[in-house]
>>> print(open('data.tsv').read())   # TSV, C-alpha atoms
chain	number	residue	atom	x	y	z
W	1	MET	CA	52.02	-41.60	-95.29
W	2	ILE	CA	49.40	-38.87	-95.31
W	3	GLU	CA	50.49	-35.65	-96.90
W	4	LEU	CA	49.22	-32.10	-96.88
W	5	PHE	CA	50.29	-29.66	-99.55
W	6	GLY	CA	52.86	-32.22	-100.61
W	7	VAL	CA	54.76	-31.96	-97.34
W	8	SER	CA	54.67	-34.65	-94.68
W	9	MET	CA	53.24	-33.10	-91.52
W	10	LEU	CA	54.67	-35.93	-89.47
W	11	LYS	CA	58.17	-34.65	-90.03
W	12	LYS	CA	57.30	-31.47	-88.20
W	13	PHE	CA	56.16	-33.05	-84.95
W	14	ASP	CA	57.36	-35.60	-82.49
W	15	ASN	CA	54.89	-38.47	-82.79
W	16	SER	CA	54.89	-39.05	-79.05
W	17	PHE	CA	53.67	-35.49	-78.49
W	18	ILE	CA	50.65	-36.17	-80.70
W	19	ASP	CA	49.98	-39.32	-78.68
W	20	LYS	CA	50.15	-37.37	-75.43
W	21	PHE	CA	48.20	-34.29	-76.51
W	22	TYR	CA	45.37	-36.28	-78.08
W	23	SER	CA	45.66	-39.37	-75.86
W	24	ARG	CA	41.96	-39.40	-74.93
W	25	GLN	CA	40.83	-38.79	-78.51
W	26	ILE	CA	43.05	-41.49	-80.02
W	27	LYS	CA	41.45	-43.99	-77.63
W	28	ILE	CA	38.15	-43.71	-79.50
W	29	PRO	CA	38.05	-46.67	-81.93
W	30	GLU	CA	36.38	-44.55	-84.63
W	31	VAL	CA	39.28	-42.09	-84.53
W	32	GLY	CA	42.44	-43.93	-83.46
W	33	LYS	CA	45.94	-42.82	-84.38
W	34	THR	CA	45.22	-43.10	-88.11
W	35	GLY	CA	42.15	-40.90	-87.84
W	36	GLN	CA	44.05	-38.37	-85.74
W	37	LEU	CA	46.71	-38.06	-88.44
W	38	LYS	CA	44.00	-37.59	-91.06
W	39	LEU	CA	42.53	-34.73	-88.97
W	40	LEU	CA	45.97	-33.20	-88.67
W	41	ASN	CA	46.25	-33.21	-92.45
W	42	CYS	CA	42.96	-31.43	-93.05
W	43	ALA	CA	42.25	-27.77	-93.54
W	44	LEU	CA	39.16	-25.66	-92.92
W	45	CYS	CA	38.34	-22.42	-94.71
W	46	LEU	CA	35.99	-20.15	-92.79
W	47	SER	CA	34.31	-17.66	-95.09
W	48	THR	CA	31.31	-16.70	-93.01
W	49	ASN	CA	31.06	-15.32	-89.51
W	50	ASP	CA	27.85	-16.48	-87.86
W	51	ASN	CA	27.87	-18.18	-84.43
W	52	ILE	CA	27.56	-21.72	-85.77
W	53	SER	CA	30.45	-21.49	-88.24
W	54	GLU	CA	32.67	-19.66	-85.75
W	55	PHE	CA	32.09	-22.36	-83.12
W	56	LEU	CA	32.50	-25.10	-85.72
W	57	THR	CA	35.92	-23.62	-86.53
W	58	PHE	CA	36.83	-23.59	-82.83
W	59	LEU	CA	35.82	-27.26	-82.56
W	60	CYS	CA	37.75	-28.27	-85.70
W	61	ALA	CA	40.83	-26.54	-84.29
W	62	SER	CA	40.32	-28.36	-80.98
W	63	ILE	CA	39.97	-31.84	-82.46
W	64	GLY	CA	43.22	-31.45	-84.38
W	65	PHE	CA	42.84	-29.82	-87.80
W	66	GLY	CA	46.25	-28.84	-89.19
W	67	LYS	CA	45.27	-25.64	-91.00
W	68	ILE	CA	42.59	-23.02	-90.83
W	69	PHE	CA	42.20	-20.33	-93.49
W	70	VAL	CA	40.47	-17.12	-92.46
W	71	LYS	CA	40.27	-13.50	-93.62
W	72	ASN	CA	42.20	-12.17	-90.64
W	73	PRO	CA	44.47	-14.72	-88.87
W	74	ASP	CA	45.26	-12.30	-86.01
W	75	GLU	CA	41.69	-12.69	-84.75
W	76	TYR	CA	42.19	-16.44	-84.41
W	77	ALA	CA	45.63	-16.49	-82.78
W	78	GLU	CA	44.30	-18.12	-79.59
W	79	LEU	CA	43.32	-21.25	-81.54
W	80	LYS	CA	47.00	-22.07	-81.89
W	81	LEU	CA	47.27	-22.19	-78.09
W	82	ARG	CA	44.62	-24.90	-78.07
W	83	ASN	CA	46.22	-26.88	-80.89
W	84	PRO	CA	50.00	-26.49	-81.20
W	85	PHE	CA	49.88	-28.37	-84.54
W	86	LEU	CA	47.63	-25.74	-86.10
W	87	ASN	CA	48.54	-23.12	-88.68
W	88	VAL	CA	46.13	-20.22	-89.11
W	89	GLU	CA	46.60	-18.51	-92.46
W	90	LYS	CA	45.01	-16.00	-94.81
W	91	PHE	CA	42.63	-17.04	-97.60
W	92	ASP	CA	45.27	-15.99	-100.12
W	93	ASN	CA	47.48	-18.88	-99.03
W	94	ILE	CA	44.97	-21.59	-99.93
W	95	ARG	CA	46.44	-24.21	-102.18
W	96	ASP	CA	44.45	-26.76	-104.02
W	97	SER	CA	45.91	-30.15	-103.17
W	98	SER	CA	44.71	-30.73	-99.59
W	99	ARG	CA	41.54	-32.21	-98.16
W	100	LEU	CA	39.91	-28.88	-97.59
W	101	TYR	CA	36.53	-28.03	-96.05
W	102	ILE	CA	34.88	-24.71	-96.81
W	103	VAL	CA	32.27	-23.17	-94.52
W	104	GLY	CA	30.00	-20.59	-96.14
W	105	LYS	CA	29.79	-19.15	-99.64
W	106	SER	CA	33.19	-18.44	-101.05
W	107	ASP	CA	34.59	-17.11	-104.31
W	108	ILE	CA	38.05	-18.43	-103.57
W	109	LYS	CA	39.63	-19.90	-106.69
W	110	ILE	CA	40.51	-23.55	-106.28
W	111	SER	CA	41.51	-25.29	-109.49
W	112	ASN	CA	41.57	-28.92	-108.34
W	113	ARG	CA	38.46	-29.75	-106.35
W	114	THR	CA	39.09	-33.45	-105.83
W	115	ASN	CA	39.58	-33.13	-102.11
W	116	VAL	CA	37.64	-29.94	-101.53
W	117	PHE	CA	34.22	-30.04	-99.89
W	118	TYR	CA	31.77	-27.33	-99.01
W	119	ILE	CA	30.03	-28.03	-95.70
W	120	ASN	CA	26.42	-27.17	-96.42
W	121	PHE	CA	23.98	-26.88	-93.57
W	122	ARG	CA	20.27	-26.23	-93.18
W	123	LYS	CA	17.86	-26.50	-90.25
W	124	LYS	CA	14.11	-26.48	-90.50
W	125	ALA	CA	12.01	-27.39	-87.46
W	126	ASP	CA	13.54	-30.58	-86.04
W	127	LEU	CA	15.40	-31.57	-89.20
W	128	ILE	CA	19.04	-30.72	-89.81
W	129	THR	CA	20.40	-31.38	-93.31
W	130	VAL	CA	24.15	-31.59	-93.82
W	131	ALA	CA	25.76	-31.98	-97.24
W	132	PHE	CA	29.38	-32.33	-98.25
W	133	SER	CA	29.53	-31.20	-101.85
W	134	LYS	CA	31.70	-29.59	-104.49
W	135	GLU	CA	29.76	-26.33	-104.53
W	136	PHE	CA	28.17	-24.03	-102.02
W	137	GLU	CA	24.51	-25.01	-101.92
W	138	PHE	CA	22.95	-23.73	-98.71
W	139	TRP	CA	23.87	-22.41	-95.27
W	140	ASP	CA	20.76	-21.37	-93.45
W	141	PHE	CA	18.93	-22.00	-90.23
W	142	GLU	CA	15.97	-20.77	-88.28
W	143	GLU	CA	16.54	-18.38	-85.41
W	144	GLU	CA	17.91	-20.35	-82.46
W	145	ASP	CA	19.24	-19.44	-79.03
W	146	ILE	CA	23.01	-19.31	-78.65
W	147	ILE	CA	23.24	-22.64	-76.80
W	148	THR	CA	21.28	-24.50	-79.48
W	149	GLN	CA	23.51	-22.92	-82.14
W	150	ARG	CA	26.60	-24.21	-80.35
W	151	MET	CA	25.03	-27.67	-80.02
W	152	ILE	CA	24.34	-27.66	-83.76
W	153	ALA	CA	28.01	-26.78	-84.32
W	154	CYS	CA	28.89	-29.89	-82.27
W	155	ILE	CA	26.68	-32.04	-84.53
W	156	LEU	CA	28.39	-30.54	-87.60
W	157	ALA	CA	31.86	-31.12	-86.11
W	158	ALA	CA	30.96	-34.78	-85.56
W	159	GLU	CA	29.83	-35.05	-89.19
W	160	VAL	CA	33.08	-33.47	-90.41
W	161	THR	CA	35.11	-35.86	-88.25
W	162	LYS	CA	33.30	-38.93	-89.60
W	163	HIS	CA	33.69	-37.61	-93.15
W	164	ILE	CA	37.44	-37.33	-92.66
W	165	VAL	CA	38.24	-40.50	-90.76
W	166	ASN	CA	36.08	-42.62	-93.08
W	167	ASP	CA	37.49	-40.98	-96.24
W	168	GLU	CA	33.98	-40.13	-97.40
W	169	LYS	CA	33.16	-38.24	-100.59
W	170	GLU	CA	30.10	-36.19	-101.55
W	171	LYS	CA	27.07	-37.00	-99.44
W	172	ILE	CA	23.90	-35.56	-97.94
W	173	ILE	CA	22.28	-36.60	-94.67
W	174	ASP	CA	19.19	-35.67	-92.69
W	175	ILE	CA	19.44	-35.62	-88.91
W	176	GLU	CA	16.40	-35.40	-86.66
W	177	PHE	CA	17.30	-33.33	-83.62
W	178	LYS	CA	14.39	-32.70	-81.33
W	179	GLU	CA	14.54	-31.18	-77.90
W	180	VAL	CA	11.92	-32.18	-75.33
F	1	MET	CA	19.49	-19.13	-56.11
F	2	LYS	CA	22.90	-20.72	-55.56
F	3	ILE	CA	24.24	-23.03	-58.25
F	4	GLY	CA	27.25	-25.33	-57.93
F	5	VAL	CA	29.25	-26.64	-60.89
F	6	ILE	CA	31.32	-29.63	-59.76
F	7	GLY	CA	34.20	-30.13	-62.17
F	8	ALA	CA	35.88	-27.57	-64.44
F	9	GLY	CA	36.86	-29.95	-67.23
F	10	GLY	CA	35.32	-31.31	-70.41
F	11	LEU	CA	31.73	-31.02	-69.14
F	12	GLY	CA	32.02	-28.26	-66.54
F	13	LEU	CA	33.56	-25.65	-68.84
F	14	PRO	CA	30.92	-25.73	-71.59
F	15	ALA	CA	28.27	-25.91	-68.85
F	16	LEU	CA	29.76	-22.79	-67.28
F	17	LYS	CA	30.03	-21.10	-70.68
F	18	GLY	CA	26.37	-21.90	-71.32
F	19	LEU	CA	25.24	-20.60	-67.92
F	20	LEU	CA	27.11	-17.32	-68.45
F	21	GLU	CA	25.84	-16.91	-72.02
F	22	LEU	CA	22.30	-17.44	-70.78
F	23	GLY	CA	22.88	-14.78	-68.12
F	24	VAL	CA	22.24	-17.16	-65.23
F	25	ASN	CA	24.86	-15.36	-63.11
F	26	LEU	CA	22.99	-12.04	-63.33
F	27	ASN	CA	20.33	-13.13	-60.84
F	28	ASN	CA	21.96	-16.17	-59.26
F	29	GLU	CA	25.25	-17.07	-57.63
F	30	ILE	CA	27.46	-19.68	-59.34
F	31	VAL	CA	30.32	-21.53	-57.61
F	32	VAL	CA	32.68	-23.78	-59.61
F	33	PHE	CA	34.57	-26.58	-57.81
F	34	ASP	CA	37.73	-28.22	-59.11
F	35	PHE	CA	40.92	-29.28	-57.34
F	36	ASP	CA	42.88	-30.33	-60.42
F	37	LYS	CA	45.66	-28.85	-62.51
F	38	VAL	CA	45.67	-28.55	-66.29
F	39	GLU	CA	47.42	-31.38	-68.15
F	40	GLU	CA	48.48	-31.45	-71.80
F	41	SER	CA	45.93	-34.15	-72.55
F	42	ASN	CA	43.10	-31.90	-71.23
F	43	ILE	CA	43.52	-29.03	-73.63
F	44	HIS	CA	41.94	-30.39	-76.81
F	45	ARG	CA	38.55	-30.86	-75.11
F	46	GLN	CA	38.57	-28.46	-72.12
F	47	ILE	CA	37.54	-25.28	-73.86
F	48	PHE	CA	38.99	-22.53	-71.64
F	49	TYR	CA	42.55	-23.86	-71.28
F	50	THR	CA	45.55	-23.48	-73.57
F	51	VAL	CA	49.08	-24.88	-73.74
F	52	ASP	CA	50.24	-21.91	-71.63
F	53	ASP	CA	48.09	-23.18	-68.73
F	54	VAL	CA	49.67	-26.64	-68.35
F	55	GLY	CA	50.55	-27.37	-64.72
F	56	GLU	CA	48.46	-24.55	-63.29
F	57	SER	CA	45.42	-24.86	-61.03
F	58	LYS	CA	42.22	-24.86	-63.08
F	59	VAL	CA	40.32	-22.60	-60.72
F	60	GLU	CA	43.16	-20.08	-60.60
F	61	ILE	CA	43.06	-19.82	-64.41
F	62	LEU	CA	39.29	-19.41	-64.35
F	63	LYS	CA	39.46	-16.79	-61.59
F	64	ARG	CA	41.69	-14.67	-63.85
F	65	LYS	CA	39.64	-15.31	-66.95
F	66	PHE	CA	36.36	-14.40	-65.30
F	67	ALA	CA	37.56	-11.76	-62.84
F	68	SER	CA	34.97	-9.26	-64.04
F	69	MET	CA	32.02	-11.64	-63.98
F	70	LYS	CA	29.25	-10.94	-61.53
F	71	ASN	CA	28.22	-13.54	-58.91
F	72	LEU	CA	30.81	-16.10	-59.97
F	73	GLY	CA	33.05	-17.85	-57.44
F	74	PHE	CA	35.60	-20.69	-57.51
F	75	SER	CA	36.78	-23.30	-55.04
F	76	ASP	CA	39.70	-25.73	-55.27
F	77	LEU	CA	38.13	-28.05	-52.70
F	78	LYS	CA	38.30	-31.74	-53.59
F	79	LEU	CA	34.75	-32.79	-52.84
F	80	GLY	CA	34.32	-36.21	-51.27
F	81	ASP	CA	32.23	-37.96	-48.65
F	82	GLU	CA	33.97	-36.12	-45.81
F	83	ASN	CA	33.30	-32.55	-46.94
F	84	LEU	CA	30.10	-32.58	-48.98
F	85	ASP	CA	28.51	-30.41	-46.29
F	86	ASN	CA	30.01	-27.57	-48.29
F	87	LEU	CA	27.17	-28.13	-50.76
F	88	LYS	CA	24.51	-27.36	-48.14
F	89	GLY	CA	22.61	-24.23	-49.11
F	90	PHE	CA	22.96	-24.82	-52.84
F	91	ASP	CA	19.72	-24.84	-54.83
F	92	LEU	CA	21.04	-26.72	-57.87
F	93	ILE	CA	24.17	-28.72	-58.65
F	94	LEU	CA	25.61	-29.40	-62.10
F	95	LEU	CA	27.52	-32.65	-61.74
F	96	CYS	CA	30.28	-32.50	-64.36
F	97	VAL	CA	32.76	-35.12	-63.20
F	98	ASP	CA	34.43	-38.09	-64.88
F	99	ASN	CA	34.31	-40.63	-62.06
F	100	VAL	CA	31.56	-42.75	-60.56
F	101	GLU	CA	32.75	-42.35	-56.94
F	102	THR	CA	31.97	-38.62	-56.95
F	103	ARG	CA	28.69	-39.20	-58.78
F	104	PHE	CA	27.61	-41.70	-56.10
F	105	ALA	CA	28.71	-39.44	-53.23
F	106	VAL	CA	27.05	-36.28	-54.60
F	107	ASN	CA	23.90	-38.23	-55.52
F	108	ASP	CA	23.59	-39.65	-52.01
F	109	PHE	CA	24.22	-36.24	-50.43
F	110	CYS	CA	21.72	-34.46	-52.69
F	111	VAL	CA	19.03	-37.09	-52.09
F	112	GLU	CA	19.54	-36.82	-48.32
F	113	ASN	CA	19.47	-33.02	-48.39
F	114	GLY	CA	16.81	-32.50	-51.04
F	115	ILE	CA	19.05	-30.73	-53.56
F	116	PRO	CA	18.31	-31.09	-57.30
F	117	PHE	CA	21.20	-31.90	-59.61
F	118	ILE	CA	21.86	-32.30	-63.32
F	119	GLU	CA	24.30	-35.05	-64.22
F	120	ALA	CA	26.06	-35.80	-67.51
F	121	GLY	CA	28.33	-38.59	-68.70
F	122	VAL	CA	30.19	-38.98	-71.99
F	123	GLU	CA	32.32	-41.53	-73.79
F	124	GLY	CA	33.45	-41.51	-77.41
F	125	PHE	CA	30.63	-40.04	-79.49
F	126	VAL	CA	27.94	-40.89	-76.90
F	127	GLY	CA	26.53	-39.18	-73.82
F	128	THR	CA	23.64	-38.88	-71.40
F	129	VAL	CA	22.11	-36.10	-69.33
F	130	PHE	CA	19.49	-36.38	-66.61
F	131	ILE	CA	18.05	-34.25	-63.83
F	132	TYR	CA	17.31	-35.36	-60.30
F	133	VAL	CA	14.50	-33.48	-58.58
F	134	PRO	CA	13.73	-34.50	-54.98
F	135	GLU	CA	10.47	-36.41	-54.54
F	136	LYS	CA	9.79	-36.24	-58.29
F	137	THR	CA	12.39	-38.27	-60.17
F	138	ALA	CA	14.63	-41.29	-60.00
F	139	CYS	CA	18.07	-40.66	-58.53
F	140	TYR	CA	21.41	-41.70	-60.08
F	141	ARG	CA	21.53	-44.82	-57.94
F	142	CYS	CA	18.09	-45.95	-59.20
F	143	PHE	CA	19.75	-46.93	-62.48
F	144	HIS	CA	23.37	-47.33	-61.35
F	145	THR	CA	22.80	-49.60	-58.40
F	146	VAL	CA	26.31	-51.03	-58.11
F	147	MET	CA	29.65	-49.24	-58.10
F	148	PRO	CA	31.40	-50.48	-61.27
F	149	ASP	CA	34.97	-51.75	-61.21
F	150	LYS	CA	37.63	-49.13	-61.78
F	151	ARG	CA	38.73	-48.89	-65.40
F	152	GLU	CA	40.93	-46.80	-67.60
F	153	LYS	CA	39.54	-43.39	-68.56
F	154	PRO	CA	37.56	-43.76	-71.79
F	155	GLY	CA	38.21	-42.04	-75.10
F	156	ILE	CA	36.54	-38.68	-75.63
F	157	ILE	CA	36.37	-36.05	-78.35
F	158	THR	CA	35.63	-32.35	-77.86
F	159	PHE	CA	32.25	-32.04	-79.57
F	160	THR	CA	30.74	-34.82	-77.41
F	161	ASN	CA	31.63	-33.32	-74.03
F	162	VAL	CA	30.80	-29.79	-75.21
F	163	PHE	CA	27.39	-30.94	-76.48
F	164	ALA	CA	26.60	-32.58	-73.11
F	165	GLY	CA	27.89	-29.64	-71.03
F	166	LEU	CA	25.85	-27.15	-73.05
F	167	TYR	CA	22.78	-29.33	-72.64
F	168	GLN	CA	23.32	-29.30	-68.85
F	169	ALA	CA	23.45	-25.50	-68.91
F	170	LYS	CA	20.29	-25.29	-70.95
F	171	GLU	CA	18.49	-27.69	-68.65
F	172	ALA	CA	19.69	-25.69	-65.63
F	173	PHE	CA	18.32	-22.50	-67.17
F	174	ASN	CA	14.99	-24.19	-67.87
F	175	PHE	CA	14.82	-25.70	-64.38
F	176	LEU	CA	15.56	-22.37	-62.68
F	177	ASN	CA	12.77	-20.79	-64.70
F	178	GLY	CA	10.30	-23.57	-63.88
F	179	ARG	CA	10.36	-24.89	-67.44
F	180	SER	CA	12.30	-28.13	-67.11
F	181	ARG	CA	11.11	-30.70	-69.63
F	182	LEU	CA	13.68	-33.33	-68.81
F	183	ILE	CA	12.11	-34.30	-65.49
F	184	GLY	CA	11.51	-38.06	-65.46
F	185	LYS	CA	13.59	-38.61	-68.60
F	186	LEU	CA	17.15	-39.47	-69.57
F	187	PHE	CA	18.50	-37.67	-72.63
F	188	HIS	CA	20.71	-40.05	-74.61
F	189	PHE	CA	22.65	-38.88	-77.66
F	190	ASP	CA	24.95	-40.61	-80.11
F	191	LEU	CA	26.79	-38.29	-82.49
F	192	LYS	CA	28.16	-41.23	-84.48
F	193	ASN	CA	24.73	-42.54	-85.46
F	194	ASN	CA	22.83	-39.26	-84.97
F	195	VAL	CA	20.49	-40.61	-82.34
F	196	PHE	CA	18.88	-38.12	-79.95
F	197	GLU	CA	16.34	-39.76	-77.69
F	198	TYR	CA	14.56	-39.34	-74.38
F	199	LEU	CA	14.21	-42.48	-72.31
F	200	LYS	CA	11.63	-42.65	-69.54
F	201	LEU	CA	13.17	-42.98	-66.08
F	202	SER	CA	11.20	-44.43	-63.23
F	203	LYS	CA	12.16	-44.66	-59.57
F	204	ASN	CA	13.65	-47.99	-58.68
F	205	PRO	CA	11.67	-49.42	-55.74
F	206	HIS	CA	14.83	-51.27	-54.67
F	207	CYS	CA	17.10	-48.20	-54.88
F	208	PRO	CA	19.48	-48.23	-51.91
F	209	VAL	CA	19.36	-44.42	-51.60
F	210	CYS	CA	16.01	-42.86	-52.47
>>> encode(input="data.tsv", output="structure tokens")
Amino acid sequence: MIELFGVSMLKKFDNSFIDKFYSRQIKIPEVGKTGQLKLLNCALCLSTNDNISEFLTFLCASIGFGKIFVKNPDEYAELKLRNPFLNVEKFDNIRDSSRLYIVGKSDIKISNRTNVFYINFRKKADLITVAFSKEFEFWDFEEEDIITQRMIACILAAEVTKHIVNDEKEKIIDIEFKEV
Amino acid sequence: MKIGVIGAGGLGLPALKGLLELGVNLNNEIVVFDFDKVEESNIHRQIFYTVDDVGESKVEILKRKFASMKNLGFSDLKLGDENLDNLKGFDLILLCVDNVETRFAVNDFCVENGIPFIEAGVEGFVGTVFIYVPEKTACYRCFHTVMPDKREKPGIITFTNVFAGLYQAKEAFNFLNGRSRLIGKLFHFDLKNNVFEYLKLSKNPHCPVC
């Protein structure tokens, strides 16, 4: 049984509703029902407000994250209408025992960092570097148009998904993304 | 210019979002076609709908959402062989559907009537985008010569369809501004293995359509 903050999320929801709501996503072999439950038990902390991280948060909410921590939850109320399993809470409520992903530099105090990962991101020319690490290392990119920024957020969301469903730890990867 | 977006689902919504964010509607007319209603299983990947919209017509929701948008129209017509004449007069079509029958029908109509279109397809972490330009490129039937057997709808996850839909919007913007770089190529991406590649597409001399 996967647990978040020591409480089984499965008790809160009818399993058949998860199957129905995410029916097309569960069909993907790389995700499956097990992967979907892992997503549901993950949390994202958004501590920056650029276009890429905002859209990454939207995508993480859409694919089935269970919790999102932000400065002002009222601004993100609509996310709950896209994911009825989602809780949107203030930074202050962060606890330290979940698999938690942090976007952007943050001075939030987390005592146990075993399952906490900063999503670090950098883009230079055609090379995107993504790192999942225990500290904030970098979050920077060259000026891009809004559509390219959103496409980069999609690439990051895919990396986060793989990191979760495969139970990965710290890692760094280079991705060549070149437009014609 | 008049632009049609066929399908207001996983591909059509990010494509529409992209077109609006690029300001394409300021100097062009956009019409979105979809006959369907929102289902619970749509919401996670169809970016403009929420749980409150379940059971309602997609185009009615979009009409409300975009009521103040300039040059943007909606139609709940179910496009098929018998009524594709409704696409006459369009200068570009974004083909954002999830079934091969409609792709074949729109392809054949566009080839016959000389209308360019941008098509996308997605499954799992993988997708493709290509543009058909009359007299210049291969058509959809050049590389999908036979109608495949019907099968269950494949698995899909939000970031894949959004990535493809946004790419369609970007390609539409480039095409409308005479800067298309996808002509003669098929963009193939795989977000599982981080592959982004452009495959050369040639006309099939045995194509039954073009």
>>> residues_around(input="data.tsv", residues="segment 169-178 of chain W", least_positions_apart="2", cutoff="6 Å", atoms="all atoms listed in the file", output="PyMOL selection string")
chain W and resi 126-133
>>> residues_around(input="data.tsv", residues="segment 196-202 of chain F", least_positions_apart="4", cutoff="8 Å", atoms="all atoms listed in the file", output="PyMOL selection string")
(chain W and resi 176-178+180) or (chain F and resi 137-138+184-190)
>>> interface_residues(input="data.tsv", of="chain F", to="chain W", cutoff="10 Å", atoms="all atoms listed in the file", output="VMD selection string")
chain F and resid 14 to 15 17 to 19 21 to 22 39 to 53 123 to 125 153 to 167 169 to 170 180 to 182 185 187 189 to 198
>>> write_last_selection(input="data.tsv", atoms="C-alpha atoms", output="PDB file, in the frame of the given file")
ATOM      1  CA  PRO F  14      30.920 -25.730 -71.590  1.00  0.00           C
ATOM      2  CA  ALA F  15      28.270 -25.910 -68.850  1.00  0.00           C
ATOM      3  CA  LYS F  17      30.030 -21.100 -70.680  1.00  0.00           C
ATOM      4  CA  GLY F  18      26.370 -21.900 -71.320  1.00  0.00           C
ATOM      5  CA  LEU F  19      25.240 -20.600 -67.920  1.00  0.00           C
ATOM      6  CA  GLU F  21      25.840 -16.910 -72.020  1.00  0.00           C
ATOM      7  CA  LEU F  22      22.300 -17.440 -70.780  1.00  0.00           C
ATOM      8  CA  GLU F  39      47.420 -31.380 -68.150  1.00  0.00           C
ATOM      9  CA  GLU F  40      48.480 -31.450 -71.800  1.00  0.00           C
ATOM     10  CA  SER F  41      45.930 -34.150 -72.550  1.00  0.00           C
ATOM     11  CA  ASN F  42      43.100 -31.900 -71.230  1.00  0.00           C
ATOM     12  CA  ILE F  43      43.520 -29.030 -73.630  1.00  0.00           C
ATOM     13  CA  HIS F  44      41.940 -30.390 -76.810  1.00  0.00           C
ATOM     14  CA  ARG F  45      38.550 -30.860 -75.110  1.00  0.00           C
ATOM     15  CA  GLN F  46      38.570 -28.460 -72.120  1.00  0.00           C
ATOM     16  CA  ILE F  47      37.540 -25.280 -73.860  1.00  0.00           C
ATOM     17  CA  PHE F  48      38.990 -22.530 -71.640  1.00  0.00           C
ATOM     18  CA  TYR F  49      42.550 -23.860 -71.280  1.00  0.00           C
ATOM     19  CA  THR F  50      45.550 -23.480 -73.570  1.00  0.00           C
ATOM     20  CA  VAL F  51      49.080 -24.880 -73.740  1.00  0.00           C
ATOM     21  CA  ASP F  52      50.240 -21.910 -71.630  1.00  0.00           C
ATOM     22  CA  ASP F  53      48.090 -23.180 -68.730  1.00  0.00           C
ATOM     23  CA  GLU F 123      32.320 -41.530 -73.790  1.00  0.00           C
ATOM     24  CA  GLY F 124      33.450 -41.510 -77.410  1.00  0.00           C
ATOM     25  CA  PHE F 125      30.630 -40.040 -79.490  1.00  0.00           C
ATOM     26  CA  LYS F 153      39.540 -43.390 -68.560  1.00  0.00           C
ATOM     27  CA  PRO F 154      37.560 -43.760 -71.790  1.00  0.00           C
ATOM     28  CA  GLY F 155      38.210 -42.040 -75.100  1.00  0.00           C
ATOM     29  CA  ILE F 156      36.540 -38.680 -75.630  1.00  0.00           C
ATOM     30  CA  ILE F 157      36.370 -36.050 -78.350  1.00  0.00           C
ATOM     31  CA  THR F 158      35.630 -32.350 -77.860  1.00  0.00           C
ATOM     32  CA  PHE F 159      32.250 -32.040 -79.570  1.00  0.00           C
ATOM     33  CA  THR F 160      30.740 -34.820 -77.410  1.00  0.00           C
ATOM     34  CA  ASN F 161      31.630 -33.320 -74.030  1.00  0.00           C
ATOM     35  CA  VAL F 162      30.800 -29.790 -75.210  1.00  0.00           C
ATOM     36  CA  PHE F 163      27.390 -30.940 -76.480  1.00  0.00           C
ATOM     37  CA  ALA F 164      26.600 -32.580 -73.110  1.00  0.00           C
ATOM     38  CA  GLY F 165      27.890 -29.640 -71.030  1.00  0.00           C
ATOM     39  CA  LEU F 166      25.850 -27.150 -73.050  1.00  0.00           C
ATOM     40  CA  TYR F 167      22.780 -29.330 -72.640  1.00  0.00           C
ATOM     41  CA  ALA F 169      23.450 -25.500 -68.910  1.00  0.00           C
ATOM     42  CA  LYS F 170      20.290 -25.290 -70.950  1.00  0.00           C
ATOM     43  CA  SER F 180      12.300 -28.130 -67.110  1.00  0.00           C
ATOM     44  CA  ARG F 181      11.110 -30.700 -69.630  1.00  0.00           C
ATOM     45  CA  LEU F 182      13.680 -33.330 -68.810  1.00  0.00           C
ATOM     46  CA  LYS F 185      13.590 -38.610 -68.600  1.00  0.00           C
ATOM     47  CA  PHE F 187      18.500 -37.670 -72.630  1.00  0.00           C
ATOM     48  CA  PHE F 189      22.650 -38.880 -77.660  1.00  0.00           C
ATOM     49  CA  ASP F 190      24.950 -40.610 -80.110  1.00  0.00           C
ATOM     50  CA  LEU F 191      26.790 -38.290 -82.490  1.00  0.00           C
ATOM     51  CA  LYS F 192      28.160 -41.230 -84.480  1.00  0.00           C
ATOM     52  CA  ASN F 193      24.730 -42.540 -85.460  1.00  0.00           C
ATOM     53  CA  ASN F 194      22.830 -39.260 -84.970  1.00  0.00           C
ATOM     54  CA  VAL F 195      20.490 -40.610 -82.340  1.00  0.00           C
ATOM     55  CA  PHE F 196      18.880 -38.120 -79.950  1.00  0.00           C
ATOM     56  CA  GLU F 197      16.340 -39.760 -77.690  1.00  0.00           C
ATOM     57  CA  TYR F 198      14.560 -39.340 -74.380  1.00  0.00           C
TER      58      TYR F 198
END
>>> closest_residue(input="data.tsv", among="F:Arg64, F:Lys37, F:His144, F:Lys203", to="Lys78 of chain F", atoms="all atoms listed in the file")
F:Lys37
>>> closest_residue(input="data.tsv", among="F:Ser57, F:Leu13, F:Asn86, F:Val24", to="Leu176 of chain F", atoms="only C-alpha atoms")
F:Val24
>>> residues_around(input="data.tsv", residues="segment 89-105 of chain F", least_positions_apart="2", cutoff="7 Å", atoms="all atoms listed in the file", output="CSV table (one decimal) with C-alpha atoms, in the frame of the given file")
chain,number,residue,atom,x,y,z
F,1,MET,CA,19.5,-19.1,-56.1
F,2,LYS,CA,22.9,-20.7,-55.6
F,3,ILE,CA,24.2,-23.0,-58.2
F,4,GLY,CA,27.2,-25.3,-57.9
F,5,VAL,CA,29.2,-26.6,-60.9
F,6,ILE,CA,31.3,-29.6,-59.8
F,7,GLY,CA,34.2,-30.1,-62.2
F,11,LEU,CA,31.7,-31.0,-69.1
F,12,GLY,CA,32.0,-28.3,-66.5
F,80,GLY,CA,34.3,-36.2,-51.3
F,81,ASP,CA,32.2,-38.0,-48.6
F,87,LEU,CA,27.2,-28.1,-50.8
F,107,ASN,CA,23.9,-38.2,-55.5
F,108,ASP,CA,23.6,-39.6,-52.0
F,109,PHE,CA,24.2,-36.2,-50.4
F,115,ILE,CA,19.0,-30.7,-53.6
F,116,PRO,CA,18.3,-31.1,-57.3
F,117,PHE,CA,21.2,-31.9,-59.6
F,118,ILE,CA,21.9,-32.3,-63.3
F,119,GLU,CA,24.3,-35.0,-64.2
F,120,ALA,CA,26.1,-35.8,-67.5
